[in-house]
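Here the structure is laid out as structure tokens; the discussion comes afterwards.
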Amino acid sequence: MTATPRVRVARRPVHGVLLLDKPLGLSSNDALQKVKWLLRGEKAGHTGTLDPLATGVLPLCFGAATKFSQLHLDADKTYLATARLGVKTSTGDAEGDVIETRAVAVTQAQIDAVVPRFTGPIRQVPPMYSALKRDGKPLYEYARAGIEVERPARDVEIFELKVALVPAESAQAAIEIVAKCSKGTYIRTLGEDIGEALGCGAHLTALRRIATGDFVIGQCVTLAALEAMTEDERLACLLPVDALLAQHRRVTLDAQNAGRFLSGVRRRGDWPDDDRVAVYGDTPPTLLGVAQIKGGELIPGRLLSPLDIGQILAQAQKAESPSL
């Protein structure tokens, strides 16, 4: 019997940012590969991973947007988490083995009393079950082998923190945590530490990222919704490349200066110093790249290629006239 030949997906240049509501159970890379296949994109990457057990905002960058994805890794994040009280696990979440149980007698007043201890600049010891590397190997590999590795505490910041008892629907006491935090914050560790401060221990049972930088969960599209769309509808879900540069100062150059800037040549102008600048050409209006300004000089950073720019303009034109 002759095997059915595999159909090769015809890849194409796709540029922009897709805000995915990552589903439960998929790794960030698996989610990226599924969306890349649906869009038939040639080049793609994501800005910061979410564990398979976490859901929520996962910005996926396509084409020229991958050049600026690193800029978004440092963005503040906001998480919604549920932690079960009275039970500690080996991983700090529901995947691990139970290592300790304690009685729970916690009031909202006690919770309110400990919240200030976890607000503002704090220090966290990263969990053993994490992707941080020691001697080139992720910590979770040591953990799976039963090896405990010393981890130095890290400075992070919790900008806003709300913790509330979950209404008692079962015998399992739990708290809901909403935390806006800096890059590198471990919400599993935060949940465990709050549980310890309450005297009963805790582990996360649910984690959802509801914001990253300027992107919020309400802007996201689910994988199921994408799968049900036509190809043009999927492309329409893409935000422009410069959605990653919302906090950058905008500088627009005329055609002559834009051409020289794209060649890597510094431009002079009456601009204030700034380390984060998004540079545009005016004819046609389009993103050229990022730069910094020092002493009135516009110093090129990551730049788009003329090919990128042409493809972005063509993609925008097709979006305006999808039947063409």
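Just so we're on the same page: first chain in the structure tokens is A, next is B, and so on; residues restart at 1 for each chain, and ligands are numbered from 1 in the order they show up.
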Every residue of region 133-202 of chain A that DSSP places in alpha helix (DSSP H), as a ChimeraX atom specification: /A:139-144,187-197
Residues from the last selection, C-alpha atoms, saved as a PDB file, in the first residue's frame:
```
ATOM      1  CA  LEU A 139      18.249  23.308  37.348  1.00  0.00           C
ATOM      2  CA  TYR A 140      15.263  21.043  36.716  1.00  0.00           C
ATOM      3  CA  GLU A 141      17.640  18.329  35.450  1.00  0.00           C
ATOM      4  CA  TYR A 142      19.461  18.361  38.790  1.00  0.00           C
ATOM      5  CA  ALA A 143      16.109  18.330  40.590  1.00  0.00           C
ATOM      6  CA  ARG A 144      14.886  15.302  38.651  1.00  0.00           C
ATOM      7  CA  ILE A 187       5.109  33.288  41.007  1.00  0.00           C
ATOM      8  CA  ARG A 188       5.459  29.692  42.242  1.00  0.00           C
ATOM      9  CA  THR A 189       8.046  30.898  44.739  1.00  0.00           C
ATOM     10  CA  LEU A 190       5.869  33.876  45.679  1.00  0.00           C
ATOM     11  CA  GLY A 191       2.944  31.532  46.393  1.00  0.00           C
ATOM     12  CA  GLU A 192       5.135  29.210  48.456  1.00  0.00           C
ATOM     13  CA  ASP A 193       6.633  32.110  50.428  1.00  0.00           C
ATOM     14  CA  ILE A 194       3.211  33.608  51.183  1.00  0.00           C
ATOM     15  CA  GLY A 195       2.084  30.162  52.348  1.00  0.00           C
ATOM     16  CA  GLU A 196       5.079  29.939  54.683  1.00  0.00           C
ATOM     17  CA  ALA A 197       4.403  33.431  56.028  1.00  0.00           C
TER      18      ALA A 197
END
```
Would you kindly return, as a compact mmCIF listing (two decimals) with C-alpha atoms, in the first residue's frame, each protein, DNA or RNA residue with an atom no farther than 7 Å from any atom of region 292-300 of chain A, considering only C-alpha atoms and excluding same-chain residues fewer than 2 positions away?
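Saved as result-v6.txt:
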```txt
# COMPACT_ATOMS: atom_id res chain seq x y z
CA PHE A 261 20.03 55.97 8.27
CA GLY A 264 23.92 52.72 9.19
CA ARG A 266 24.24 58.63 11.94
CA ARG A 267 21.92 61.58 11.43
CA ARG A 268 22.02 64.94 13.24
CA GLY A 269 18.97 66.82 14.48
CA ASP A 270 17.43 68.84 17.25
CA TRP A 271 16.43 65.85 19.38
CA PRO A 272 16.78 65.34 23.14
CA ASP A 273 18.96 62.47 24.35
CA ASP A 274 17.05 59.18 24.55
CA ASP A 275 18.11 55.53 24.72
CA ARG A 276 14.88 54.23 23.20
CA VAL A 277 13.93 55.66 19.82
CA VAL A 290 15.49 51.55 16.51
CA ARG A 302 18.61 47.25 15.04
```
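Summary of the local environment: counting only C-alpha atoms, residues at most 7 Å from Phe159 (chain A), other than itself and those fewer than 5 positions away along its chain, are Thr119, Gly120, Lys180 and Cys181 of chain A.
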Please dump the current selection as a compact mmCIF listing (two decimals), in the first residue's frame; keep C-alpha atoms.
```
# COMPACT_ATOMS: atom_id res chain seq x y z
CA THR A 119 5.39 44.13 48.03
CA GLY A 120 8.16 46.31 46.61
CA LYS A 180 2.31 42.88 38.88
CA CYS A 181 6.02 42.18 38.97
```
Using only C-alpha atoms: which of A:Pro138, A:Arg209, A:Arg154, A:Ile175 has the shortest distance to Ile111 (chain A): A:Ile175
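Distance annotation: of A:Ala164, A:Leu288, A:Gly45, A:Glu148, the residue with the minimal separation from Val115 (chain A) is A:Ala164; atom set is only C-alpha atoms.
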All residues 9 Å or closer to Ala179 (chain A), only C-alpha atoms, same chain fewer than 3 positions away omitted, as a PyMOL selection string: chain A and resi 77-81+158-163+187
Just-selected residues, N, CA and C atoms written as a PDB file, in the first residue's frame:
```pdb
ATOM      1  N   LYS A  77       5.297  42.130  34.134  1.00  0.00           N
ATOM      2  CA  LYS A  77       4.253  41.130  33.893  1.00  0.00           C
ATOM      3  C   LYS A  77       3.228  41.186  35.016  1.00  0.00           C
ATOM      4  N   THR A  78       1.992  40.802  34.700  1.00  0.00           N
ATOM      5  CA  THR A  78       0.950  40.678  35.713  1.00  0.00           C
ATOM      6  C   THR A  78       0.362  39.272  35.638  1.00  0.00           C
ATOM      7  N   TYR A  79       0.263  38.629  36.784  1.00  0.00           N
ATOM      8  CA  TYR A  79      -0.208  37.245  36.852  1.00  0.00           C
ATOM      9  C   TYR A  79      -1.409  37.125  37.784  1.00  0.00           C
ATOM     10  N   LEU A  80      -2.282  36.186  37.442  1.00  0.00           N
ATOM     11  CA  LEU A  80      -3.381  35.769  38.299  1.00  0.00           C
ATOM     12  C   LEU A  80      -3.119  34.311  38.662  1.00  0.00           C
ATOM     13  N   ALA A  81      -2.996  34.021  39.945  1.00  0.00           N
ATOM     14  CA  ALA A  81      -2.641  32.668  40.375  1.00  0.00           C
ATOM     15  C   ALA A  81      -3.550  32.212  41.498  1.00  0.00           C
ATOM     16  N   ILE A 158       7.925  43.459  43.281  1.00  0.00           N
ATOM     17  CA  ILE A 158       6.479  43.287  43.151  1.00  0.00           C
ATOM     18  C   ILE A 158       5.859  44.676  43.240  1.00  0.00           C
ATOM     19  N   PHE A 159       5.377  45.176  42.128  1.00  0.00           N
ATOM     20  CA  PHE A 159       4.844  46.537  42.078  1.00  0.00           C
ATOM     21  C   PHE A 159       3.457  46.629  42.713  1.00  0.00           C
ATOM     22  N   GLU A 160       2.635  45.622  42.466  1.00  0.00           N
ATOM     23  CA  GLU A 160       1.290  45.585  43.048  1.00  0.00           C
ATOM     24  C   GLU A 160       0.996  44.139  43.430  1.00  0.00           C
ATOM     25  N   LEU A 161       0.366  43.961  44.598  1.00  0.00           N
ATOM     26  CA  LEU A 161       0.052  42.606  45.057  1.00  0.00           C
ATOM     27  C   LEU A 161      -1.294  42.603  45.779  1.00  0.00           C
ATOM     28  N   LYS A 162      -2.190  41.740  45.315  1.00  0.00           N
ATOM     29  CA  LYS A 162      -3.471  41.528  45.984  1.00  0.00           C
ATOM     30  C   LYS A 162      -3.605  40.037  46.272  1.00  0.00           C
ATOM     31  N   VAL A 163      -3.957  39.715  47.503  1.00  0.00           N
ATOM     32  CA  VAL A 163      -4.121  38.317  47.909  1.00  0.00           C
ATOM     33  C   VAL A 163      -5.437  38.201  48.666  1.00  0.00           C
ATOM     34  N   ILE A 187       6.385  33.240  40.305  1.00  0.00           N
ATOM     35  CA  ILE A 187       5.109  33.288  41.007  1.00  0.00           C
ATOM     36  C   ILE A 187       4.935  32.032  41.860  1.00  0.00           C
TER      37      ILE A 187
END
```
Within 10 Å of Arg151 (chain A) using only C-alpha atoms, minus same-chain residues under 2 positions, as number ranges by chain: A: 124-128, 132, 134, 139, 148-149, 153-154
May I have the residues from that selection written out with C-alpha atoms, as a PDB file, in the first residue's frame?
```pdb
ATOM      1  CA  GLN A 124      13.687  35.292  45.863  1.00  0.00           C
ATOM      2  CA  VAL A 125      15.558  32.007  45.778  1.00  0.00           C
ATOM      3  CA  PRO A 126      14.781  30.489  42.347  1.00  0.00           C
ATOM      4  CA  PRO A 127      13.033  27.096  42.504  1.00  0.00           C
ATOM      5  CA  MET A 128      14.972  23.949  41.687  1.00  0.00           C
ATOM      6  CA  LEU A 132      17.906  28.541  35.114  1.00  0.00           C
ATOM      7  CA  ARG A 134      24.105  25.828  36.436  1.00  0.00           C
ATOM      8  CA  LEU A 139      18.249  23.308  37.348  1.00  0.00           C
ATOM      9  CA  GLU A 148      19.833  20.020  45.382  1.00  0.00           C
ATOM     10  CA  VAL A 149      21.936  22.884  43.984  1.00  0.00           C
ATOM     11  CA  ALA A 153      18.759  34.829  45.953  1.00  0.00           C
ATOM     12  CA  ARG A 154      17.758  37.265  43.216  1.00  0.00           C
TER      13      ARG A 154
END
```
Atomic distance CA of Leu53 (chain A) - CA of Gly25 (chain A), expressed in Å with one decimal: 5.5 Å
Gln33 (chain A) environment, 12 Å, only C-alpha atoms, sequence neighbours closer than 3 positions dropped, as an MDAnalysis selection string: chainID A and resid 26:30 36:46 60:62 223
d(CA of Cys237 (chain A), CA of Ala10 (chain A)) in Å: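 CA of Cys237 (chain A) sits 20.0 Å away from CA of Ala10 (chain A).
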